[in-house]
Amino acid sequence: MSHFRPRPLRRNHFSEIPDLACNPIRAQIIEAFFDRRNFSQGEAGRVDEIGFEEFLVVMSHFRPPSQRMTEEQRENVRREKLRFLFNMHDTDNDGTITLEEYRHVVEELLSRSGALGKETAKSIADAAMLEVASVSVGHMEPDEFYEGITFEHFLKLLDGFEIESKMSIRFLNMDTTTLCK
Amino acid sequence: MAGLGSARIRPAPSSLFFFLAFFILLVFLPSCSSQDVGPEHNETSGPDRSTSQGSDHPHHNKNRSTTHKKTFPVLDLNFDHVRKPFEISLWILLALLMKLGFHLIPRVSQVVPESCLLIFVGLLVGGVIKAMKETAPILDSKLFFLYLLPPIILDAGYFLPIRAFTENLGTILVFAVVGTLWNAFFIGGMMFAVCQLDVTPQFKQVDLLSCLLFGSIISAVDPVAVLAVFEEIHINELLYILVFGESLLNDAVTVVLYHLFEEFSHAGTVSVGDAFLGVVSFFVVSLGGILVGVVYGVLGAFTSRFTSHSRVIEPLFVFLYSYMAYLSAEVFHLSGIMSLIACGVVMRPYVEANISHKSYTTIKYFLKMWSSVSETLIFIFLGVSTVEGPHNWNWIFVVFTLVFCLVSRVLGVVGLTFIINKFRIVKLTKKDQFIVAYGGLRGAIAFSLGFLLPDNETKHMFLTAIITVIFFTVFVQGMTIRPLVELLAVKRKKETKRSINEEIHTQFLDHLLTGIEDICGHYGHHHWKDKLNRFNKTYVKKWLIAGERSNEPQLISFYNKLERKQAMMLVESGSAARLPSLVSTASLQNMQQTEPAQRRAIPSISKTREEEIRKILRANLQKTRQRLRSYSRHDLFDPFEDNLSEVRFRRQRVEMERRMSHYLTVPAKRQETPSVRKVWFEPEHKVFTYDDNSESTGGGATRQKPRPPDAVDLVDESSRGTNQSAAEGDESEKLKPSRCLSDPGPITEEEQGDEAFLS
């Protein structure tokens with residue numbers, strides 16, 4: 001992947017990782033590394049190559065929460081991780097996950113199952129959107145539109161999900177030399 | 001004794017029930033006694049005597065000098081013929097009536113867990129039997145281990161929440177193995193010290209090995225007791241799986257220690273080689289048990305692949321293969337419990353993909369039924385055996401045993417958690433540790449193992465101590481754990497159902513984390529889990545799952561299950577007659593039909609394709625789900641409405657359809673602009689109305705016609721026109737939610753119970 005000397009990473013480096021090839025959401029994972037919104041600088045847009053620091057910033061989203069955290073810190077960690085997920089879904093950077101984008105997510109997840117998956121993917125995505133609409137918005141007027149999942153709705157949706165513990169990797173056991181294969 | 005619920009509950013049920021119980025006892029006692037007693041049941045004394053002598057009758061006939069023709073027995077009594085099954089059935093009936101009775105007395109059942117009440121009843125029955133100077137049936141070990149224990153374990157293993165279990169497997173194993181070893185040696189050692197210090201003569205006979213044997217019997221947390229108590233307090237999943245998983249997995253340790261010390265107590269001395277063999281034996285017992293279970297599980301899954309033509313016997317395969325796994329493991333002195341668990345866990349995903357829904361329901365209910373009966377019987381017998389068994393009460397021994405049990409449990413849990421927390425992402429807090437320590441209940445397994453000891457004085461002392469510890473843990477800890485849980489504000493089980501969004505994100509996260517691990521080159525447990533899943537998909541599923549279902553991804557099967565459950569609920573709530581009208585509204589989106597009433601005669605229901613019907617139900621049941629959750633829109637099904645308002649409801653439903661179509665919209669296929677603000681949602685049922693025409697279920701997507709632009713106007717116009725009536729219809733519908741949500745209890749309970757079954 002990258003040499004020991006810091007050298008900018010490109011998308012094709014990621015594509016070369018063999019284990020990643022069978023991952024259904026591979027493209028989105030790779031994109032997440034090159035997405036400026038994840039560099040905690042608040043900018044939008046994509047870059048084509050990243051350095052080691054940006055790589056680490058993206059990886060830091062997967063830090064497990066420490067035990068001695070206050071409630072507020074824990075909430076911040078949750079927001080940060082959910083923001084990362086949200087950015088992964090929201091590919092056109094408009095701040096909402098539209099139905100098309102969500103369908104795309106589900107289709108990617110089911111992308112290994114061929115034709116059977118495509119149509120059920122639509123229905124699953126539709127059902128999920130409907131659920132989000134009911135959870136976050138509740139009652140809607142007859143001529144209202146539900147445009148897409150905003151970040152606040154996303155937070156509310158995955159409220160009970162305990163993301164801070166689920167979205168973590170044990171960095172303790174990880175050897176940094178393996179990063180520099 | 002009148003119920004404290006509604007005023008309607010008459011005192012009659014509980015007194016009737018007690019009368020019944022008493023009557024059963026009365027009938028039971030004579031059957032318990034020897035054949036001569038019980039003259040009150042005789043119809044005619046002559047035939048009775050002759051039949052009570054059974055096969056002697058022909059001899060007597062020959063031996064009798066006087067040959068007299070006896071009168072033809074119109075009514076005859078032959079109890080021995082059915083004695084054994086009669087007694088067994090009577091006991092089971094008594095147990096179940098007791099269980100029923102508890103729920104007629106609501107206040108008691110909220111304070112006291114059922115297990116305590118059952119033991120209490122057992123004590124009463126045992127007392128009554130003893131007063132009658134009869135011999136009561138005791139909980140002998142063969143009955144317990146071969147007949148009563150397997151259903152409970154199978155029930156637990158089959159419905160084990162796999163995700164939580166595997167995530168916490170390390171912690172569970174540490175508690176089960178190291179914790180039990182610590183308990184056994186600590187208790188055994190301390191009791192030996194106590195025995196040495198004391199001057200009572202009977203303590204002199206107790207040597208170290210006997211004490212260690214005693215320690216190993218009493219140290220194991222019992223799954224039956226844990227299940228019985230924890231199930232009623234609805235604690236959060238993590239704690240439940242920790243305590244329960246520990247109680248299951250410590251069986252291997254218990255088996256090894258028990259056999260080890262039993263062998264050595266004959267031999268008298270222990271050498272290092274023996275200890276080493278003990279360690280090896282532990283691995284053999286546990287891994288061997290698991291292997292046996294896996295083999296039988298695979299066999300069962302493979303068999304279920306071919307059962308599509310004889311659906312009726314499908315549940316039997318599950319039960320028999322599992323039971324065989326248990327018995328086979330017991331043959332080799334391997335851990336039967338682990339074998340049973342492994343069999344259930346391995347078999348379940350494949351069997352469920354193969355069997356029909358009815359068979360699945362049958363399996364579920366039979367397992368629940370058997371385990372319920374077993375549990376009830378175990379506790380009652382425990383009570384009866386307590387009254388019955390030969391006791392040797394020794395204050396010092398019993399009290400010290402109790403104290404050391406508690407102390408060792410607390411020390412063990414605290415110490416191990418300290419080490420474990422270094423490796424866990426979600427640390428165990430002090431509250432968690434307290435609950436884990438407090439939930440270490442002992443139960444009938446300890447009693448049965450104690451019963452297997454060779455008969456001597458110390459055995460009675462041990463048994464008394466074991467029973468005391470069991471009683472203490474079940475009564476005191478069992479009763480107080482509920483208020484303690486509330487006092488400490490321990491997290492309860494999440495009551496909400498697993499939503500489709502959470503499922504999507506669970507899968508998404510799995511893949512995401514696996515990907516990140518791959519990028520780092522770090523082979524964490526996501527990586528291995530992913531590898532296992534892929535192996536499963538490519539090789540194992542092809543062999544074990546029939547037909548095309550072998551390719552179905554988990555998300556889709558989860559979704560199907562969810563929707564099917566909704567369909568069942570819908571049908572059960574009496575709305576079956578409405579299905580045609582459902583479909584009529586479903587086809588609203590086909591804008592060629594301006595009058596939805598036209599489609600009322602529904603062809604798709606008459607078609608026998610399960611797939612279509614399921615999908616259509618799915619479409620409409622999403623709305624049901626919305627209704628039940630969100631108060632916000634749509635009329636609600638009221639199955640009890642009269643025909644007068646039916647038409648009105650149908651029309652309102654039509655309006656609701658139109659409104660719903662406004663909520664979520666996607667861009668029409670023609671418009672290529674990606675970020676159109678108003679996106680037109682094509683509800684999925686629209687897709688499937690096209691499926692009515694297609695032959696294959698998979699071809700629907702490609703045949704979806706792009707919506708003509710004028711369709712937008714049509715809907716808008718009509719919706720504006722009907723806005724008035726819809727608005728006021730909305731008012732009345734908003735009142736409806738309350739009725740729907742006060743659904744009869746069984747449905748919500750079933751939902752809750754089913755949630756666990758959605759793996």
# chains A, B, ... in the order shown; residues from 1 in each chain; ligands from 1
$ residues_around --residues "region 93-102 of chain A" --least-positions-apart "6" --cutoff "6 Å" --atoms "only C-alpha atoms" --output "list in words"
Gly148, Ile149 and Thr150 of chain A
$ write_last_selection --atoms "all heavy atoms" --output "tab-separated table (two decimals), in the first residue's frame"
chain	number	residue	atom	x	y	z
A	148	GLY	N	-35.63	13.67	2.02
A	148	GLY	CA	-34.50	12.77	2.22
A	148	GLY	C	-34.14	12.79	3.70
A	148	GLY	O	-34.67	13.56	4.48
A	149	ILE	N	-33.23	11.91	4.02
A	149	ILE	CA	-32.84	11.82	5.42
A	149	ILE	C	-31.79	12.87	5.71
A	149	ILE	O	-30.70	12.85	5.14
A	149	ILE	CB	-32.25	10.43	5.72
A	149	ILE	CG1	-33.15	9.35	5.16
A	149	ILE	CG2	-32.08	10.25	7.20
A	149	ILE	CD1	-32.62	7.97	5.41
A	150	THR	N	-32.11	13.78	6.58
A	150	THR	CA	-31.08	14.74	6.99
A	150	THR	C	-30.27	14.11	8.11
A	150	THR	O	-30.60	13.05	8.63
A	150	THR	CB	-31.70	16.03	7.52
A	150	THR	OG1	-32.44	15.70	8.71
A	150	THR	CG2	-32.62	16.63	6.51
$ atom_distance --atom1 "CA of Lys494 (chain B)" --atom2 "CA of Lys364 (chain B)"
21.9 Å
$ atom_distance --atom1 "CA of Lys70 (chain B)" --atom2 "CA of Phe86 (chain B)"
29.2 Å
$ residues_around --residues "region 344-346 of chain B" --least-positions-apart "6" --cutoff "9 Å" --atoms "only C-alpha atoms" --output "list in words"
Leu154, Asp155, Ala156, Gly157, Tyr158, Phe159, Leu160, Ile162, Gly293, Val294, Val295, Tyr296, Gly297, Val298, Ala301, Val318 and Ser322 of chain B
$ closest_residue --among "A:Asp48, A:Glu31, A:Glu152, A:Glu72" --to "chain B" --atoms "only C-alpha atoms"
A:Glu31
$ residues_around --residues "Phe62 (chain A)" --least-positions-apart "6" --cutoff "12 Å" --atoms "only C-alpha atoms" --output "PyMOL selection string"
(chain A and resi 55-56+77-78+80-82+84-85+163-171) or (chain B and resi 425+509+512-514+516-517)
$ select_by_dssp --residues "region 21-132 of chain A" --states "helix (DSSP H, G or I)" --output "MDAnalysis selection string"
chainID A and resid 21:22 26:33 36:39 52:62 71:89 99:109 111:113 115:132
$ write_last_selection --atoms "C-alpha atoms" --output "PDB file, in the first residue's frame"
ATOM      1  CA  ALA A  21     -12.019  -7.283  -3.612  1.00  0.00           C
ATOM      2  CA  CYS A  22     -14.869  -9.368  -2.252  1.00  0.00           C
ATOM      3  CA  ARG A  26     -15.702  -1.576  -1.464  1.00  0.00           C
ATOM      4  CA  ALA A  27     -16.239   1.435  -3.655  1.00  0.00           C
ATOM      5  CA  GLN A  28     -17.856   3.402  -0.888  1.00  0.00           C
ATOM      6  CA  ILE A  29     -15.152   2.530   1.583  1.00  0.00           C
ATOM      7  CA  ILE A  30     -12.470   3.709  -0.785  1.00  0.00           C
ATOM      8  CA  GLU A  31     -14.405   6.866  -1.514  1.00  0.00           C
ATOM      9  CA  ALA A  32     -14.676   7.578   2.168  1.00  0.00           C
ATOM     10  CA  PHE A  33     -10.953   7.898   2.396  1.00  0.00           C
ATOM     11  CA  ARG A  36     -12.818  15.863   2.297  1.00  0.00           C
ATOM     12  CA  ARG A  37     -15.711  15.958   4.709  1.00  0.00           C
ATOM     13  CA  ASN A  38     -14.059  13.231   6.701  1.00  0.00           C
ATOM     14  CA  PHE A  39     -10.891  15.201   7.192  1.00  0.00           C
ATOM     15  CA  PHE A  52      -0.579   9.713   5.763  1.00  0.00           C
ATOM     16  CA  GLU A  53      -2.099  12.263   8.120  1.00  0.00           C
ATOM     17  CA  GLU A  54      -5.403  12.255   6.288  1.00  0.00           C
ATOM     18  CA  PHE A  55      -5.347   8.494   6.300  1.00  0.00           C
ATOM     19  CA  LEU A  56      -4.949   8.536  10.048  1.00  0.00           C
ATOM     20  CA  VAL A  57      -7.709  11.083  10.471  1.00  0.00           C
ATOM     21  CA  VAL A  58     -10.109   8.834   8.615  1.00  0.00           C
ATOM     22  CA  MET A  59      -8.984   5.838  10.616  1.00  0.00           C
ATOM     23  CA  SER A  60      -9.469   7.735  13.844  1.00  0.00           C
ATOM     24  CA  HIS A  61     -13.178   7.601  13.286  1.00  0.00           C
ATOM     25  CA  PHE A  62     -12.971   3.984  14.335  1.00  0.00           C
ATOM     26  CA  GLU A  71     -21.794  11.635  28.682  1.00  0.00           C
ATOM     27  CA  GLU A  72     -21.152  14.656  26.507  1.00  0.00           C
ATOM     28  CA  GLN A  73     -17.939  13.286  25.120  1.00  0.00           C
ATOM     29  CA  ARG A  74     -19.662  10.048  24.367  1.00  0.00           C
ATOM     30  CA  GLU A  75     -22.361  11.926  22.533  1.00  0.00           C
ATOM     31  CA  ASN A  76     -19.723  13.711  20.495  1.00  0.00           C
ATOM     32  CA  VAL A  77     -18.074  10.480  19.583  1.00  0.00           C
ATOM     33  CA  ARG A  78     -21.435   9.137  18.482  1.00  0.00           C
ATOM     34  CA  ARG A  79     -22.077  12.145  16.320  1.00  0.00           C
ATOM     35  CA  GLU A  80     -18.696  11.882  14.752  1.00  0.00           C
ATOM     36  CA  LYS A  81     -19.116   8.246  13.832  1.00  0.00           C
ATOM     37  CA  LEU A  82     -22.625   8.732  12.581  1.00  0.00           C
ATOM     38  CA  ARG A  83     -21.418  11.685  10.546  1.00  0.00           C
ATOM     39  CA  PHE A  84     -18.875   9.418   8.918  1.00  0.00           C
ATOM     40  CA  LEU A  85     -21.571   6.910   8.026  1.00  0.00           C
ATOM     41  CA  PHE A  86     -23.814   9.660   6.796  1.00  0.00           C
ATOM     42  CA  ASN A  87     -21.129  10.967   4.530  1.00  0.00           C
ATOM     43  CA  MET A  88     -20.651   7.528   3.116  1.00  0.00           C
ATOM     44  CA  HIS A  89     -24.291   7.344   2.155  1.00  0.00           C
ATOM     45  CA  LEU A  99     -34.252   7.743  -1.804  1.00  0.00           C
ATOM     46  CA  GLU A 100     -32.011   7.097  -4.775  1.00  0.00           C
ATOM     47  CA  GLU A 101     -28.912   7.187  -2.663  1.00  0.00           C
ATOM     48  CA  TYR A 102     -30.413   4.902  -0.092  1.00  0.00           C
ATOM     49  CA  ARG A 103     -31.492   2.501  -2.759  1.00  0.00           C
ATOM     50  CA  HIS A 104     -27.978   2.530  -4.051  1.00  0.00           C
ATOM     51  CA  VAL A 105     -26.716   1.594  -0.596  1.00  0.00           C
ATOM     52  CA  VAL A 106     -29.055  -1.350  -0.312  1.00  0.00           C
ATOM     53  CA  GLU A 107     -28.289  -2.473  -3.815  1.00  0.00           C
ATOM     54  CA  GLU A 108     -24.604  -2.467  -3.111  1.00  0.00           C
ATOM     55  CA  LEU A 109     -25.166  -4.528  -0.011  1.00  0.00           C
ATOM     56  CA  SER A 111     -24.943  -6.770  -5.039  1.00  0.00           C
ATOM     57  CA  ARG A 112     -23.737 -10.318  -4.809  1.00  0.00           C
ATOM     58  CA  SER A 113     -27.089 -11.898  -5.262  1.00  0.00           C
ATOM     59  CA  ALA A 115     -31.132 -10.318 -10.353  1.00  0.00           C
ATOM     60  CA  LEU A 116     -33.098 -11.452  -7.384  1.00  0.00           C
ATOM     61  CA  GLY A 117     -31.598  -8.755  -5.302  1.00  0.00           C
ATOM     62  CA  LYS A 118     -32.268  -5.771  -7.460  1.00  0.00           C
ATOM     63  CA  GLU A 119     -35.987  -5.639  -7.171  1.00  0.00           C
ATOM     64  CA  THR A 120     -36.158  -6.609  -3.544  1.00  0.00           C
ATOM     65  CA  ALA A 121     -33.472  -4.034  -2.895  1.00  0.00           C
ATOM     66  CA  LYS A 122     -35.838  -1.396  -4.102  1.00  0.00           C
ATOM     67  CA  SER A 123     -38.598  -2.559  -1.861  1.00  0.00           C
ATOM     68  CA  ILE A 124     -36.308  -2.822   1.112  1.00  0.00           C
ATOM     69  CA  ALA A 125     -35.003   0.658   0.543  1.00  0.00           C
ATOM     70  CA  ASP A 126     -38.511   1.977   0.154  1.00  0.00           C
ATOM     71  CA  ALA A 127     -39.628   0.342   3.342  1.00  0.00           C
ATOM     72  CA  ALA A 128     -36.647   1.751   5.141  1.00  0.00           C
ATOM     73  CA  MET A 129     -37.330   5.258   3.901  1.00  0.00           C
ATOM     74  CA  LEU A 130     -40.922   4.994   4.941  1.00  0.00           C
ATOM     75  CA  GLU A 131     -39.788   4.007   8.358  1.00  0.00           C
ATOM     76  CA  VAL A 132     -37.414   6.925   8.617  1.00  0.00           C
TER      77      VAL A 132
END
$ atom_distance --atom1 "CA of His525 (chain B)" --atom2 "CA of Phe423 (chain B)"
13.1 Å
$ residues_around --residues "Lys431 (chain B)" --least-positions-apart "3" --cutoff "9 Å" --atoms "only C-alpha atoms" --output "ChimeraX atom specification"
/B:428,434-436,488-490
$ write_last_selection --atoms "N, CA and C atoms" --output "PDB file, in the first residue's frame"
ATOM      1  N   LEU B 428     -17.412  -3.734  31.324  1.00  0.00           N
ATOM      2  CA  LEU B 428     -18.447  -4.096  32.279  1.00  0.00           C
ATOM      3  C   LEU B 428     -18.354  -3.190  33.492  1.00  0.00           C
ATOM      4  N   PHE B 434     -22.162  -6.599  39.493  1.00  0.00           N
ATOM      5  CA  PHE B 434     -23.017  -7.007  40.602  1.00  0.00           C
ATOM      6  C   PHE B 434     -24.104  -7.948  40.123  1.00  0.00           C
ATOM      7  N   ILE B 435     -24.726  -7.594  39.002  1.00  0.00           N
ATOM      8  CA  ILE B 435     -25.802  -8.446  38.504  1.00  0.00           C
ATOM      9  C   ILE B 435     -25.268  -9.806  38.102  1.00  0.00           C
ATOM     10  N   VAL B 436     -24.102  -9.839  37.474  1.00  0.00           N
ATOM     11  CA  VAL B 436     -23.532 -11.125  37.078  1.00  0.00           C
ATOM     12  C   VAL B 436     -23.253 -11.964  38.310  1.00  0.00           C
ATOM     13  N   LEU B 488     -31.155  -0.373  41.079  1.00  0.00           N
ATOM     14  CA  LEU B 488     -29.896   0.045  40.487  1.00  0.00           C
ATOM     15  C   LEU B 488     -30.076   0.634  39.105  1.00  0.00           C
ATOM     16  N   ALA B 489     -31.290   0.621  38.617  1.00  0.00           N
ATOM     17  CA  ALA B 489     -31.579   1.164  37.285  1.00  0.00           C
ATOM     18  C   ALA B 489     -30.710   0.513  36.232  1.00  0.00           C
ATOM     19  N   VAL B 490     -30.695  -0.799  36.268  1.00  0.00           N
ATOM     20  CA  VAL B 490     -29.944  -1.530  35.258  1.00  0.00           C
ATOM     21  C   VAL B 490     -30.699  -1.447  33.948  1.00  0.00           C
TER      22      VAL B 490
END
$ closest_residue --among "B:Asn421, B:Ser573, B:Ser328, B:Thr473" --to "chain A" --atoms "only C-alpha atoms"
B:Asn421
$ closest_residue --among "B:Met569, B:Ile241, B:Leu544, B:Val426" --to "Ser66 (chain A)" --atoms "only C-alpha atoms"
B:Val426
$ closest_residue --among "A:Gly45, A:Pro8, A:Gly51, A:Pro18" --to "chain B" --atoms "only C-alpha atoms"
A:Pro18
$ residues_around --residues "Ile419 (chain B)" --least-positions-apart "5" --cutoff "12 Å" --atoms "only C-alpha atoms" --output "list in words"
Gly170, Thr171, Val174, Phe175, Val178, Gly412, Val413, Val414, Arg424, Lys427 and Leu428 of chain B
$ write_last_selection --atoms "all heavy atoms" --output "PDB file, in the first residue's frame"
ATOM      1  N   GLY B 170     -15.597 -14.552  24.304  1.00  0.00           N
ATOM      2  CA  GLY B 170     -14.399 -14.588  25.135  1.00  0.00           C
ATOM      3  C   GLY B 170     -14.726 -14.403  26.605  1.00  0.00           C
ATOM      4  O   GLY B 170     -14.305 -15.175  27.464  1.00  0.00           O
ATOM      5  N   THR B 171     -15.531 -13.373  26.870  1.00  0.00           N
ATOM      6  CA  THR B 171     -15.914 -13.116  28.256  1.00  0.00           C
ATOM      7  C   THR B 171     -16.647 -14.305  28.850  1.00  0.00           C
ATOM      8  O   THR B 171     -16.370 -14.722  29.982  1.00  0.00           O
ATOM      9  CB  THR B 171     -16.840 -11.895  28.307  1.00  0.00           C
ATOM     10  OG1 THR B 171     -16.290 -10.859  27.521  1.00  0.00           O
ATOM     11  CG2 THR B 171     -17.033 -11.427  29.722  1.00  0.00           C
ATOM     12  N   VAL B 174     -14.320 -17.149  29.659  1.00  0.00           N
ATOM     13  CA  VAL B 174     -13.492 -16.896  30.842  1.00  0.00           C
ATOM     14  C   VAL B 174     -14.305 -17.110  32.101  1.00  0.00           C
ATOM     15  O   VAL B 174     -13.870 -17.786  33.031  1.00  0.00           O
ATOM     16  CB  VAL B 174     -12.909 -15.472  30.800  1.00  0.00           C
ATOM     17  CG1 VAL B 174     -12.297 -15.106  32.133  1.00  0.00           C
ATOM     18  CG2 VAL B 174     -11.869 -15.376  29.714  1.00  0.00           C
ATOM     19  N   PHE B 175     -15.511 -16.554  32.108  1.00  0.00           N
ATOM     20  CA  PHE B 175     -16.350 -16.754  33.293  1.00  0.00           C
ATOM     21  C   PHE B 175     -16.658 -18.229  33.504  1.00  0.00           C
ATOM     22  O   PHE B 175     -16.610 -18.733  34.621  1.00  0.00           O
ATOM     23  CB  PHE B 175     -17.674 -15.998  33.145  1.00  0.00           C
ATOM     24  CG  PHE B 175     -17.604 -14.576  33.578  1.00  0.00           C
ATOM     25  CD1 PHE B 175     -18.079 -13.571  32.760  1.00  0.00           C
ATOM     26  CD2 PHE B 175     -17.080 -14.235  34.807  1.00  0.00           C
ATOM     27  CE1 PHE B 175     -18.024 -12.252  33.160  1.00  0.00           C
ATOM     28  CE2 PHE B 175     -17.017 -12.910  35.203  1.00  0.00           C
ATOM     29  CZ  PHE B 175     -17.484 -11.926  34.380  1.00  0.00           C
ATOM     30  N   VAL B 178     -12.714 -20.407  33.830  1.00  0.00           N
ATOM     31  CA  VAL B 178     -11.866 -19.966  34.936  1.00  0.00           C
ATOM     32  C   VAL B 178     -12.705 -19.708  36.187  1.00  0.00           C
ATOM     33  O   VAL B 178     -12.332 -20.088  37.297  1.00  0.00           O
ATOM     34  CB  VAL B 178     -11.092 -18.690  34.534  1.00  0.00           C
ATOM     35  CG1 VAL B 178     -10.206 -18.235  35.666  1.00  0.00           C
ATOM     36  CG2 VAL B 178     -10.276 -18.946  33.290  1.00  0.00           C
ATOM     37  N   GLY B 412     -14.719 -14.040  42.448  1.00  0.00           N
ATOM     38  CA  GLY B 412     -14.435 -14.528  41.110  1.00  0.00           C
ATOM     39  C   GLY B 412     -14.857 -13.529  40.043  1.00  0.00           C
ATOM     40  O   GLY B 412     -14.100 -13.202  39.122  1.00  0.00           O
ATOM     41  N   VAL B 413     -16.078 -13.036  40.184  1.00  0.00           N
ATOM     42  CA  VAL B 413     -16.583 -12.127  39.162  1.00  0.00           C
ATOM     43  C   VAL B 413     -15.773 -10.839  39.127  1.00  0.00           C
ATOM     44  O   VAL B 413     -15.356 -10.366  38.067  1.00  0.00           O
ATOM     45  CB  VAL B 413     -18.075 -11.831  39.410  1.00  0.00           C
ATOM     46  CG1 VAL B 413     -18.536 -10.694  38.546  1.00  0.00           C
ATOM     47  CG2 VAL B 413     -18.893 -13.048  39.126  1.00  0.00           C
ATOM     48  N   VAL B 414     -15.528 -10.290  40.299  1.00  0.00           N
ATOM     49  CA  VAL B 414     -14.802  -9.018  40.327  1.00  0.00           C
ATOM     50  C   VAL B 414     -13.397  -9.184  39.758  1.00  0.00           C
ATOM     51  O   VAL B 414     -12.936  -8.408  38.919  1.00  0.00           O
ATOM     52  CB  VAL B 414     -14.753  -8.473  41.761  1.00  0.00           C
ATOM     53  CG1 VAL B 414     -13.813  -7.295  41.849  1.00  0.00           C
ATOM     54  CG2 VAL B 414     -16.132  -8.059  42.206  1.00  0.00           C
ATOM     55  N   ARG B 424     -11.961  -5.797  26.466  1.00  0.00           N
ATOM     56  CA  ARG B 424     -13.286  -5.556  25.912  1.00  0.00           C
ATOM     57  C   ARG B 424     -13.402  -4.135  25.404  1.00  0.00           C
ATOM     58  O   ARG B 424     -12.796  -3.218  25.957  1.00  0.00           O
ATOM     59  CB  ARG B 424     -14.350  -5.772  26.982  1.00  0.00           C
ATOM     60  CG  ARG B 424     -14.691  -7.208  27.224  1.00  0.00           C
ATOM     61  CD  ARG B 424     -15.753  -7.294  28.277  1.00  0.00           C
ATOM     62  NE  ARG B 424     -16.994  -6.726  27.815  1.00  0.00           N
ATOM     63  CZ  ARG B 424     -17.953  -7.422  27.242  1.00  0.00           C
ATOM     64  NH1 ARG B 424     -17.800  -8.702  27.050  1.00  0.00           N
ATOM     65  NH2 ARG B 424     -19.049  -6.832  26.853  1.00  0.00           N
ATOM     66  N   LYS B 427     -16.888  -1.975  28.237  1.00  0.00           N
ATOM     67  CA  LYS B 427     -16.454  -2.484  29.531  1.00  0.00           C
ATOM     68  C   LYS B 427     -17.652  -2.847  30.399  1.00  0.00           C
ATOM     69  O   LYS B 427     -18.737  -2.300  30.247  1.00  0.00           O
ATOM     70  CB  LYS B 427     -15.633  -1.398  30.269  1.00  0.00           C
ATOM     71  CG  LYS B 427     -14.656  -0.680  29.403  1.00  0.00           C
ATOM     72  CD  LYS B 427     -13.379  -1.437  29.232  1.00  0.00           C
ATOM     73  CE  LYS B 427     -12.418  -0.642  28.393  1.00  0.00           C
ATOM     74  NZ  LYS B 427     -11.373  -1.439  27.804  1.00  0.00           N
ATOM     75  N   LEU B 428     -17.412  -3.734  31.324  1.00  0.00           N
ATOM     76  CA  LEU B 428     -18.447  -4.096  32.279  1.00  0.00           C
ATOM     77  C   LEU B 428     -18.354  -3.190  33.492  1.00  0.00           C
ATOM     78  O   LEU B 428     -17.325  -3.128  34.149  1.00  0.00           O
ATOM     79  CB  LEU B 428     -18.258  -5.549  32.718  1.00  0.00           C
ATOM     80  CG  LEU B 428     -18.486  -6.590  31.644  1.00  0.00           C
ATOM     81  CD1 LEU B 428     -18.145  -7.963  32.187  1.00  0.00           C
ATOM     82  CD2 LEU B 428     -19.919  -6.573  31.195  1.00  0.00           C
TER      83      LEU B 428
END
$ closest_residue --among "B:Ile445, B:Val177, B:Val272, B:Glu167" --to "chain A" --atoms "only C-alpha atoms"
B:Glu167
